[in-house]
$ cat entry-v5.tsv   # TSV, N, CA and C atoms
chain	number	residue	atom	x	y	z
A	1	MET	N	52.53	17.10	-16.32
A	1	MET	CA	53.84	16.62	-16.69
A	1	MET	C	54.76	16.77	-15.48
A	2	PHE	N	55.03	15.74	-14.78
A	2	PHE	CA	55.92	15.70	-13.62
A	2	PHE	C	55.47	16.66	-12.52
A	3	GLY	N	54.21	17.09	-12.54
A	3	GLY	CA	53.71	17.99	-11.52
A	3	GLY	C	54.24	19.41	-11.66
A	4	LEU	N	54.75	19.79	-12.80
A	4	LEU	CA	55.28	21.13	-13.01
A	4	LEU	C	54.21	22.01	-13.66
A	5	ARG	N	54.11	23.22	-13.16
A	5	ARG	CA	53.17	24.18	-13.74
A	5	ARG	C	53.91	25.08	-14.72
A	6	ALA	N	53.15	25.94	-15.39
A	6	ALA	CA	53.72	26.81	-16.43
A	6	ALA	C	54.81	27.72	-15.88
A	7	ASN	N	54.60	28.28	-14.70
A	7	ASN	CA	55.60	29.18	-14.12
A	7	ASN	C	56.92	28.45	-13.88
A	8	GLU	N	56.84	27.24	-13.37
A	8	GLU	CA	58.05	26.47	-13.09
A	8	GLU	C	58.77	26.09	-14.37
A	9	LEU	N	58.03	25.74	-15.39
A	9	LEU	CA	58.64	25.40	-16.68
A	9	LEU	C	59.33	26.61	-17.30
A	10	LEU	N	58.73	27.79	-17.17
A	10	LEU	CA	59.36	29.00	-17.69
A	10	LEU	C	60.66	29.31	-16.94
A	11	ILE	N	60.68	29.11	-15.66
A	11	ILE	CA	61.91	29.34	-14.88
A	11	ILE	C	63.00	28.36	-15.31
A	12	ILE	N	62.64	27.10	-15.49
A	12	ILE	CA	63.62	26.10	-15.94
A	12	ILE	C	64.14	26.45	-17.33
A	13	LEU	N	63.25	26.86	-18.22
A	13	LEU	CA	63.66	27.24	-19.57
A	13	LEU	C	64.60	28.44	-19.53
A	14	ALA	N	64.33	29.40	-18.68
A	14	ALA	CA	65.21	30.57	-18.56
A	14	ALA	C	66.58	30.17	-18.04
A	15	ILE	N	66.64	29.27	-17.08
A	15	ILE	CA	67.92	28.81	-16.55
A	15	ILE	C	68.72	28.08	-17.62
A	16	VAL	N	68.04	27.21	-18.37
A	16	VAL	CA	68.71	26.48	-19.46
A	16	VAL	C	69.23	27.46	-20.50
A	17	LEU	N	68.44	28.48	-20.81
A	17	LEU	CA	68.86	29.49	-21.78
A	17	LEU	C	70.09	30.23	-21.28
A	18	LEU	N	70.14	30.54	-20.00
A	18	LEU	CA	71.30	31.23	-19.45
A	18	LEU	C	72.55	30.34	-19.45
A	19	ILE	N	72.37	29.07	-19.16
A	19	ILE	CA	73.51	28.16	-19.09
A	19	ILE	C	74.08	27.87	-20.47
A	20	PHE	N	73.23	27.50	-21.41
A	20	PHE	CA	73.71	27.05	-22.71
A	20	PHE	C	73.77	28.16	-23.76
A	21	GLY	N	73.00	29.21	-23.59
A	21	GLY	CA	72.99	30.29	-24.57
A	21	GLY	C	72.04	30.00	-25.72
A	22	ALA	N	71.64	31.05	-26.40
A	22	ALA	CA	70.65	30.92	-27.46
A	22	ALA	C	71.19	30.18	-28.68
A	23	ARG	N	72.48	30.27	-28.92
A	23	ARG	CA	73.05	29.63	-30.11
A	23	ARG	C	73.11	28.11	-29.98
A	24	LYS	N	73.33	27.62	-28.78
A	24	LYS	CA	73.50	26.18	-28.60
A	24	LYS	C	72.19	25.44	-28.36
A	25	LEU	N	71.11	26.15	-28.05
A	25	LEU	CA	69.84	25.48	-27.79
A	25	LEU	C	69.32	24.66	-28.97
A	26	PRO	N	69.34	25.16	-30.20
A	26	PRO	CA	68.87	24.32	-31.32
A	26	PRO	C	69.71	23.05	-31.49
A	27	ASP	N	71.02	23.17	-31.32
A	27	ASP	CA	71.88	21.99	-31.42
A	27	ASP	C	71.60	21.01	-30.30
A	28	LEU	N	71.36	21.53	-29.11
A	28	LEU	CA	71.05	20.69	-27.96
A	28	LEU	C	69.74	19.95	-28.18
A	29	ALA	N	68.72	20.66	-28.66
A	29	ALA	CA	67.42	20.05	-28.93
A	29	ALA	C	67.53	19.01	-30.04
A	30	ARG	N	68.32	19.31	-31.08
A	30	ARG	CA	68.49	18.37	-32.19
A	30	ARG	C	69.17	17.09	-31.73
A	31	SER	N	70.20	17.22	-30.90
A	31	SER	CA	70.89	16.02	-30.42
A	31	SER	C	70.03	15.23	-29.46
A	32	LEU	N	69.21	15.92	-28.67
A	32	LEU	CA	68.29	15.23	-27.77
A	32	LEU	C	67.25	14.45	-28.57
A	33	GLY	N	66.74	15.04	-29.64
A	33	GLY	CA	65.78	14.36	-30.51
A	33	GLY	C	66.40	13.15	-31.19
A	34	ALA	N	67.63	13.28	-31.65
A	34	ALA	CA	68.31	12.16	-32.29
A	34	ALA	C	68.55	11.03	-31.30
A	35	SER	N	68.89	11.39	-30.08
A	35	SER	CA	69.11	10.37	-29.04
A	35	SER	C	67.82	9.62	-28.73
A	36	ALA	N	66.72	10.36	-28.64
A	36	ALA	CA	65.43	9.73	-28.38
A	36	ALA	C	65.04	8.80	-29.53
A	37	LYS	N	65.32	9.22	-30.75
A	37	LYS	CA	65.00	8.40	-31.92
A	37	LYS	C	65.81	7.10	-31.91
A	38	GLU	N	67.09	7.19	-31.60
A	38	GLU	CA	67.94	6.00	-31.52
A	38	GLU	C	67.50	5.07	-30.39
A	39	PHE	N	67.08	5.66	-29.27
A	39	PHE	CA	66.61	4.86	-28.15
A	39	PHE	C	65.36	4.07	-28.54
A	40	ARG	N	64.40	4.75	-29.17
A	40	ARG	CA	63.19	4.05	-29.62
A	40	ARG	C	63.51	2.97	-30.64
A	41	LYS	N	64.45	3.25	-31.53
A	41	LYS	CA	64.86	2.26	-32.54
A	41	LYS	C	65.46	1.03	-31.87
A	42	GLY	N	66.28	1.25	-30.85
A	42	GLY	CA	66.87	0.13	-30.11
A	42	GLY	C	65.83	-0.69	-29.38
A	43	ILE	N	64.85	-0.01	-28.79
A	43	ILE	CA	63.76	-0.70	-28.09
A	43	ILE	C	62.97	-1.56	-29.08
A	44	ASP	N	62.65	-1.00	-30.25
A	44	ASP	CA	61.89	-1.74	-31.26
A	44	ASP	C	62.67	-2.96	-31.75
A	45	GLU	N	63.97	-2.79	-31.99
A	45	GLU	CA	64.79	-3.91	-32.45
A	45	GLU	C	64.89	-4.99	-31.38
A	46	GLY	N	64.98	-4.59	-30.13
A	46	GLY	CA	65.05	-5.56	-29.04
A	46	GLY	C	63.77	-6.35	-28.91
A	47	SER	N	62.63	-5.69	-29.08
A	47	SER	CA	61.37	-6.41	-28.98
A	47	SER	C	61.17	-7.35	-30.17
A	48	LYS	N	61.66	-6.95	-31.36
A	48	LYS	CA	61.58	-7.84	-32.52
A	48	LYS	C	62.44	-9.08	-32.32
A	49	GLU	N	63.64	-8.90	-31.72
A	49	GLU	CA	64.51	-10.04	-31.46
A	49	GLU	C	63.88	-10.98	-30.44
A	50	ASP	N	63.22	-10.42	-29.42
A	50	ASP	CA	62.55	-11.24	-28.42
A	50	ASP	C	61.43	-12.05	-29.04
A	51	GLU	N	60.67	-11.44	-29.95
A	51	GLU	CA	59.58	-12.15	-30.62
A	51	GLU	C	60.12	-13.29	-31.49
A	52	SER	N	61.20	-13.03	-32.22
A	52	SER	CA	61.74	-14.06	-33.10
A	52	SER	C	62.35	-15.20	-32.28
A	53	GLU	N	62.98	-14.89	-31.14
A	53	GLU	CA	63.51	-15.94	-30.27
A	53	GLU	C	62.39	-16.78	-29.68
A	54	ALA	N	61.29	-16.15	-29.32
A	54	ALA	CA	60.15	-16.88	-28.77
A	54	ALA	C	59.55	-17.80	-29.82
A	55	GLN	N	59.48	-17.33	-31.07
A	55	GLN	CA	58.93	-18.15	-32.14
A	55	GLN	C	59.83	-19.34	-32.45
A	56	THR	N	61.14	-19.13	-32.46
A	56	THR	CA	62.05	-20.24	-32.78
A	56	THR	C	62.10	-21.26	-31.64
A	57	SER	N	62.00	-20.79	-30.41
A	57	SER	CA	62.00	-21.74	-29.29
A	57	SER	C	60.69	-22.53	-29.25
A	58	ALA	N	59.58	-21.89	-29.60
A	58	ALA	CA	58.31	-22.59	-29.65
A	58	ALA	C	58.32	-23.62	-30.77
A	59	ALA	N	58.92	-23.29	-31.91
A	59	ALA	CA	58.99	-24.21	-33.04
A	59	ALA	C	59.87	-25.39	-32.70
A	60	SER	N	60.97	-25.18	-31.99
A	60	SER	CA	61.85	-26.28	-31.65
A	60	SER	C	61.21	-27.18	-30.60
A	61	GLU	N	60.39	-26.63	-29.72
A	61	GLU	CA	59.67	-27.46	-28.74
A	61	GLU	C	58.63	-28.31	-29.43
A	62	ASP	N	57.99	-27.80	-30.47
A	62	ASP	CA	57.00	-28.57	-31.21
A	62	ASP	C	57.64	-29.74	-31.95
A	63	THR	N	58.83	-29.58	-32.49
A	63	THR	CA	59.48	-30.64	-33.23
A	63	THR	C	60.07	-31.69	-32.29
A	64	ASP	N	60.40	-31.31	-31.05
A	64	ASP	CA	60.96	-32.26	-30.10
A	64	ASP	C	59.90	-33.24	-29.59
A	65	SER	N	58.64	-32.85	-29.57
A	65	SER	CA	57.58	-33.69	-29.01
A	65	SER	C	57.15	-34.78	-29.91

$ encode --input "entry-v5.tsv" --output "structure tokens"
Amino acid sequence: MFGLRANELLIILAIVLLIFGARKLPDLARSLGASAKEFRKGIDEGSKEDESEAQTSAASEDTDS
């Protein structure tokens, strides 16, 4: 994962714990998870719109011929 080993990940986790504190970490993780979920939802909706646009443009090209 990004070329990081266990020791480096533990150091990063300790720094994050010092900066944000133990009380805010669950809230931070929860908001990060919600953001990732919304991002994936937006990506899925965008790909569905692209597929529907491709289908409608293909259908209109068929009727024009």

$ atom_distance --input "entry-v5.tsv" --atom1 "atom C of A:Glu45" --atom2 "atom CA of A:Ser31"
21.9 Å

$ atom_distance --input "entry-v5.tsv" --atom1 "atom N of A:Val16" --atom2 "atom N of A:Ala29"
12.2 Å

$ atom_distance --input "entry-v5.tsv" --atom1 "atom CA of A:Glu51" --atom2 "atom N of A:Lys37"
22.1 Å

$ axis_aligned_box --input "entry-v5.tsv" --around "stretch 25-41 of chain A" --padding-each-side "3 Å" --output "JSON"
{"center_x": 67.5, "center_y": 13.6, "center_z": -30.2, "size_x": 14.7, "size_y": 31.1, "size_z": 10.8}
